[in-house]
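Structure data follow from my_file.pdb (PDB, C-alpha atoms, pLDDT in the B column):
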```pdb
ATOM      1  CA  GLY R 503      62.556-120.008  91.939  1.00 78.00           C
ATOM      2  CA  GLN R 504      59.575-122.229  91.438  1.00 84.00           C
ATOM      3  CA  LEU R 505      57.389-119.331  90.336  1.00 90.00           C
ATOM      4  CA  LYS R 506      57.761-116.346  88.035  1.00 89.00           C
ATOM      5  CA  LEU R 507      55.767-113.119  88.212  1.00 88.00           C
ATOM      6  CA  SER R 508      54.083-114.062  84.925  1.00 87.00           C
ATOM      7  CA  ASP R 509      52.640-117.189  86.638  1.00 89.00           C
ATOM      8  CA  PHE R 510      50.445-115.071  88.930  1.00 91.00           C
ATOM      9  CA  LEU R 511      46.867-113.913  88.434  1.00 88.00           C
ATOM     10  CA  THR R 512      46.651-110.112  88.581  1.00 87.00           C
ATOM     11  CA  LEU R 513      44.030-107.395  88.388  1.00 80.00           C
ATOM     12  CA  HIS R 514      45.769-105.892  85.376  1.00 84.00           C
ATOM     13  CA  ALA R 515      45.778-108.836  82.979  1.00 83.00           C
ATOM     14  CA  ARG R 516      43.728-111.811  81.903  1.00 86.00           C
ATOM     15  CA  PRO R 517      44.906-115.236  83.030  1.00 84.00           C
ATOM     16  CA  GLY R 518      47.356-116.881  80.665  1.00 82.00           C
ATOM     17  CA  ARG R 519      46.437-119.853  78.525  1.00 84.00           C
ATOM     18  CA  GLY R 520      48.528-122.335  80.487  1.00 84.00           C
ATOM     19  CA  ASP R 521      47.149-125.235  82.500  1.00 85.00           C
ATOM     20  CA  TRP R 522      48.101-123.719  85.844  1.00 89.00           C
ATOM     21  CA  HIS R 523      48.209-120.348  87.592  1.00 90.00           C
ATOM     22  CA  ALA R 524      49.464-119.000  90.898  1.00 92.00           C
ATOM     23  CA  GLY R 525      47.776-116.547  93.202  1.00 90.00           C
ATOM     24  CA  LEU R 526      48.957-114.688  96.286  1.00 90.00           C
ATOM     25  CA  MET R 527      46.860-112.603  98.646  1.00 86.00           C
ATOM     26  CA  ILE R 528      48.612-111.384 101.795  1.00 83.00           C
ATOM     27  CA  ASP R 529      49.974-114.731 103.041  1.00 82.00           C
ATOM     28  CA  ASP R 530      47.773-117.163 101.122  1.00 87.00           C
ATOM     29  CA  LEU R 531      49.624-118.790  98.230  1.00 89.00           C
ATOM     30  CA  VAL R 532      47.421-120.760  95.841  1.00 90.00           C
ATOM     31  CA  LEU R 533      48.290-122.839  92.811  1.00 91.00           C
ATOM     32  CA  PHE R 534      45.417-123.708  90.469  1.00 88.00           C
ATOM     33  CA  GLN R 535      45.766-126.360  87.781  1.00 87.00           C
ATOM     34  CA  ARG R 536      43.395-127.603  85.125  1.00 83.00           C
ATOM     35  CA  VAL R 537      43.470-131.393  85.051  1.00 80.00           C
ATOM     36  CA  THR R 538      41.636-134.008  83.041  1.00 78.00           C
ATOM     37  CA  GLY R 539      41.299-137.191  85.043  1.00 72.00           C
ATOM     38  CA  ARG R 540      43.925-138.191  87.591  1.00 70.00           C
ATOM     39  CA  GLN R 541      47.487-137.657  86.500  1.00 68.00           C
ATOM     40  CA  GLU R 542      50.474-139.376  88.074  1.00 77.00           C
ATOM     41  CA  ARG R 543      51.994-136.133  89.382  1.00 81.00           C
ATOM     42  CA  THR R 544      50.924-132.639  88.358  1.00 82.00           C
ATOM     43  CA  ALA R 545      53.131-129.600  87.833  1.00 84.00           C
ATOM     44  CA  CYS R 546      51.424-127.860  90.762  1.00 88.00           C
ATOM     45  CA  GLU R 547      52.132-130.781  93.105  1.00 88.00           C
ATOM     46  CA  GLU R 548      55.819-130.631  92.246  1.00 90.00           C
ATOM     47  CA  LYS R 549      55.944-126.856  92.664  1.00 92.00           C
ATOM     48  CA  ILE R 550      54.071-126.724  95.968  1.00 91.00           C
ATOM     49  CA  ASP R 551      56.188-129.554  97.389  1.00 91.00           C
ATOM     50  CA  ALA R 552      59.348-127.616  96.482  1.00 93.00           C
ATOM     51  CA  ILE R 553      57.899-124.407  97.982  1.00 92.00           C
ATOM     52  CA  ARG R 554      56.981-126.213 101.218  1.00 91.00           C
ATOM     53  CA  ARG R 555      60.494-127.662 101.476  1.00 93.00           C
ATOM     54  CA  LYS R 556      61.919-124.145 101.051  1.00 92.00           C
ATOM     55  CA  TYR R 557      59.579-122.767 103.751  1.00 91.00           C
ATOM     56  CA  ASP R 558      60.847-125.474 106.132  1.00 92.00           C
ATOM     57  CA  GLU R 559      64.471-124.847 105.111  1.00 94.00           C
ATOM     58  CA  VAL R 560      64.330-121.122 105.905  1.00 95.00           C
ATOM     59  CA  GLY R 561      62.055-121.493 108.938  1.00 93.00           C
ATOM     60  CA  LEU R 562      58.932-119.764 107.591  1.00 90.00           C
ATOM     61  CA  PRO R 563      55.783-120.791 109.470  1.00 88.00           C
ATOM     62  CA  ARG R 564      52.894-122.444 107.665  1.00 86.00           C
ATOM     63  CA  HIS R 565      49.395-123.054 109.003  1.00 84.00           C
ATOM     64  CA  GLU R 566      49.012-126.719 108.112  1.00 84.00           C
ATOM     65  CA  GLY R 567      45.384-126.715 109.318  1.00 83.00           C
ATOM     66  CA  LYS R 568      44.454-124.172 106.615  1.00 83.00           C
ATOM     67  CA  ALA R 569      46.293-125.988 103.828  1.00 86.00           C
ATOM     68  CA  VAL R 570      44.215-127.472 101.031  1.00 86.00           C
ATOM     69  CA  TYR R 571      46.157-129.816  98.814  1.00 84.00           C
ATOM     70  CA  ASN R 572      45.058-131.417  95.565  1.00 84.00           C
ATOM     71  CA  GLU R 573      41.331-130.845  96.172  1.00 86.00           C
ATOM     72  CA  PRO R 574      38.701-129.697  93.662  1.00 87.00           C
ATOM     73  CA  GLN R 575      36.866-127.557  96.265  1.00 91.00           C
ATOM     74  CA  ALA R 576      38.368-124.988  98.613  1.00 91.00           C
ATOM     75  CA  GLU R 577      37.612-121.936 100.718  1.00 90.00           C
ATOM     76  CA  LEU R 578      40.204-119.239 100.129  1.00 87.00           C
ATOM     77  CA  TRP R 579      40.508-115.485  99.851  1.00 85.00           C
ATOM     78  CA  GLY R 580      36.985-115.101 101.261  1.00 85.00           C
ATOM     79  CA  VAL R 581      35.391-117.211  98.523  1.00 90.00           C
ATOM     80  CA  GLN R 582      34.210-120.753  97.923  1.00 93.00           C
ATOM     81  CA  LEU R 583      35.819-122.325  94.861  1.00 91.00           C
ATOM     82  CA  ASP R 584      34.406-125.405  93.148  1.00 92.00           C
ATOM     83  CA  GLY R 585      36.849-126.612  90.546  1.00 88.00           C
ATOM     84  CA  VAL R 586      34.487-129.305  89.240  1.00 88.00           C
ATOM     85  CA  SER R 587      31.594-126.976  88.393  1.00 91.00           C
ATOM     86  CA  GLY R 588      33.837-123.959  87.792  1.00 87.00           C
ATOM     87  CA  GLN R 589      31.917-121.809  90.281  1.00 92.00           C
ATOM     88  CA  VAL R 590      33.451-119.155  92.481  1.00 91.00           C
ATOM     89  CA  ARG R 591      31.152-117.400  94.935  1.00 93.00           C
ATOM     90  CA  PRO R 592      31.335-115.443  98.172  1.00 92.00           C
ATOM     91  CA  ASN R 593      31.821-117.674 101.175  1.00 92.00           C
ATOM     92  CA  LEU R 594      28.333-118.365 102.498  1.00 93.00           C
ATOM     93  CA  LYS R 595      29.733-118.980 105.987  1.00 93.00           C
ATOM     94  CA  ARG R 596      30.514-115.253 106.047  1.00 91.00           C
ATOM     95  CA  ALA R 597      27.744-113.857 103.851  1.00 93.00           C
ATOM     96  CA  ILE R 598      24.711-115.334 105.615  1.00 95.00           C
ATOM     97  CA  PRO R 599      25.601-114.165 109.152  1.00 95.00           C
ATOM     98  CA  LEU R 600      26.602-110.745 107.790  1.00 94.00           C
ATOM     99  CA  CYS R 601      23.282-110.324 105.982  1.00 94.00           C
ATOM    100  CA  SER R 602      21.438-111.354 109.143  1.00 95.00           C
ATOM    101  CA  LEU R 603      23.346-108.711 111.112  1.00 94.00           C
ATOM    102  CA  VAL R 604      22.574-106.028 108.512  1.00 93.00           C
ATOM    103  CA  LEU R 605      18.854-106.863 108.585  1.00 95.00           C
ATOM    104  CA  ARG R 606      18.826-106.469 112.366  1.00 95.00           C
ATOM    105  CA  LEU R 607      20.713-103.191 112.042  1.00 93.00           C
ATOM    106  CA  VAL R 608      18.218-101.886 109.475  1.00 94.00           C
ATOM    107  CA  GLY R 609      15.473-102.712 111.953  1.00 96.00           C
ATOM    108  CA  LEU R 610      17.201-100.545 114.569  1.00 94.00           C
ATOM    109  CA  GLY R 611      17.550 -97.672 112.116  1.00 93.00           C
ATOM    110  CA  VAL R 612      20.817 -96.403 113.577  1.00 90.00           C
ATOM    111  CA  ALA R 613      24.496 -97.441 113.537  1.00 87.00           C
ATOM    112  CA  SER R 614      27.728 -96.110 114.952  1.00 87.00           C
ATOM    113  CA  VAL R 615      30.605 -95.057 112.728  1.00 84.00           C
ATOM    114  CA  GLY R 616      32.690 -97.892 114.171  1.00 87.00           C
ATOM    115  CA  LEU R 617      30.045-100.446 113.241  1.00 89.00           C
ATOM    116  CA  LEU R 618      29.819 -99.018 109.714  1.00 85.00           C
ATOM    117  CA  GLU R 619      33.588 -99.438 109.365  1.00 86.00           C
ATOM    118  CA  ILE R 620      33.347-103.073 110.416  1.00 89.00           C
ATOM    119  CA  LEU R 621      30.457-103.710 108.030  1.00 88.00           C
ATOM    120  CA  ALA R 622      32.305-102.088 105.131  1.00 87.00           C
ATOM    121  CA  GLY R 623      35.334-104.291 105.743  1.00 87.00           C
ATOM    122  CA  SER R 624      33.140-107.381 105.949  1.00 90.00           C
ATOM    123  CA  PHE R 625      31.358-106.609 102.686  1.00 90.00           C
ATOM    124  CA  VAL R 626      34.643-106.270 100.801  1.00 87.00           C
ATOM    125  CA  SER R 627      35.140-110.052 100.938  1.00 83.00           C
ATOM    126  CA  ILE R 628      31.618-110.561  99.573  1.00 89.00           C
ATOM    127  CA  PHE R 629      31.738-107.855  96.900  1.00 89.00           C
ATOM    128  CA  GLN R 630      35.277-108.607  95.678  1.00 85.00           C
ATOM    129  CA  LEU R 631      33.937-110.892  92.955  1.00 84.00           C
ATOM    130  CA  ARG R 632      31.772-108.147  91.463  1.00 83.00           C
ATOM    131  CA  ARG R 633      33.723-104.934  91.303  1.00 79.00           C
ATOM    132  CA  ARG R 634      30.581-102.954  90.493  1.00 84.00           C
ATOM    133  CA  HIS R 635      29.180-103.904  93.881  1.00 85.00           C
ATOM    134  CA  MET R 636      32.162-102.253  95.559  1.00 84.00           C
ATOM    135  CA  ALA R 637      30.608 -98.905  94.534  1.00 84.00           C
ATOM    136  CA  ILE R 638      27.793 -99.592  97.010  1.00 82.00           C
ATOM    137  CA  LEU R 639      30.308 -99.147  99.787  1.00 83.00           C
ATOM    138  CA  GLU R 640      30.709 -95.494  98.782  1.00 82.00           C
ATOM    139  CA  GLN R 641      27.613 -94.641 100.827  1.00 78.00           C
ATOM    140  CA  ILE R 642      29.077 -96.300 103.901  1.00 76.00           C
ATOM    141  CA  TYR R 643      32.385 -94.483 103.485  1.00 81.00           C
ATOM    142  CA  ALA R 644      30.558 -91.182 102.829  1.00 81.00           C
ATOM    143  CA  ALA R 645      28.666 -91.553 106.117  1.00 75.00           C
ATOM    144  CA  GLN R 646      31.963 -92.022 107.972  1.00 76.00           C
ATOM    145  CA  ARG R 647      33.760 -88.966 106.541  1.00 80.00           C
ATOM    146  CA  GLY R 648      34.549 -86.305 109.068  1.00 80.00           C
ATOM    147  CA  ARG R 649      33.451 -88.304 112.087  1.00 76.00           C
TER     148      ARG R 649
END
```
As structure tokens, the full file:
Amino acid sequence: GQLKLSDFLTLHARPGRGDWHAGLMIDDLVLFQRVTGRQERTACEEKIDAIRRKYDEVGLPRHEGKAVYNEPQAELWGVQLDGVSGQVRPNLKRAIPLCSLVLRLVGLGVASVGLLEILAGSFVSIFQLRRRHMAILEQIYAAQRGR
């Protein structure tokens, strides 16, 4: 095993004090490492190379087109991550079109239950960074109850 459970970021604990952390959401595995300048070979590079070899060995598929390797910026888990500035924000490629759709819907003044379900699911990826915002979705879910 390249990774231990204690290496992973969780909702129930603060990140450890180490230089690197792992994250897993559905099928997206991410290794984050704090680096100062360019190092010869980082711990995360060694770990991800070993994990990729194991995937190949056991025949697990990987989407090479989605892979981001050794980059300071990435789009993952519905967010945009900038490792240089330290910013994490909702992915604007999703947020801007969604807000445009909602404004048009507000102009109509009516929505189907099915459309509300889709909107609620779409807003989860935007609101996931601010758990308090998730409470806003309560109104959407309340409107769907019993329909």
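Distance-wise, CA of Tyr557 (chain R) and CA of Gly585 (chain R) end up 26.6 Å apart.
Around the point (51.9, -129.4, 94.3), within 10 Å and counting only C-alpha atoms, we find these residues: Val532, Leu533, Phe534, Gln535, Arg543, Thr544, Ala545, Cys546, Glu547, Glu548, Lys549, Ile550, Asp551, Ala552, Ile553, Arg554, Tyr571 and Asn572 of chain R.
CA of His635 (chain R) sits 28.9 Å away from CA of Val570 (chain R).
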- Task: Kindly give the distance, in Å, that separates CA of Lys506 (chain R) and CA of His523 (chain R), rounded to a single decimal.
- Result: 10.4 Å
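Residue nearest Asp530 (chain R), chosen from R:Gly623, R:Gly580, R:Gly616, R:Gly609 and counting only C-alpha atoms: R:Gly580.
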- Write out as a list of chain:residue names the residues lying within 12 Å of Ile620 (chain R), counting all atoms listed in the file and excluding same-chain residues fewer than 5 positions away. R:Leu600, R:Leu603, R:Val604, R:Ala613, R:Ser614, R:Val615, R:Phe625, R:Val626, R:Ser627, R:Leu639, R:Ile642, R:Tyr643, R:Gln646
- Nearest-residue call for Lys556 (chain R), choices R:Gln504, R:Ser624, R:Gln589, R:Gln630, using all atoms listed in the file: R:Gln504
- Fewer than 3 positions away in the same chain doesn't count, so skip those; otherwise give me all residues within 7 Å of Val581 (chain R), counting all atoms listed in the file, as number ranges by chain. R: 577-578, 590-593
Could you please take those selected residues and save C-alpha atoms as a PDB file, in the coordinates of the input?
```pdb
ATOM      1  CA  GLU R 577      37.612-121.936 100.718  1.00 90.00           C
ATOM      2  CA  LEU R 578      40.204-119.239 100.129  1.00 87.00           C
ATOM      3  CA  VAL R 590      33.451-119.155  92.481  1.00 91.00           C
ATOM      4  CA  ARG R 591      31.152-117.400  94.935  1.00 93.00           C
ATOM      5  CA  PRO R 592      31.335-115.443  98.172  1.00 92.00           C
ATOM      6  CA  ASN R 593      31.821-117.674 101.175  1.00 92.00           C
TER       7      ASN R 593
END
```
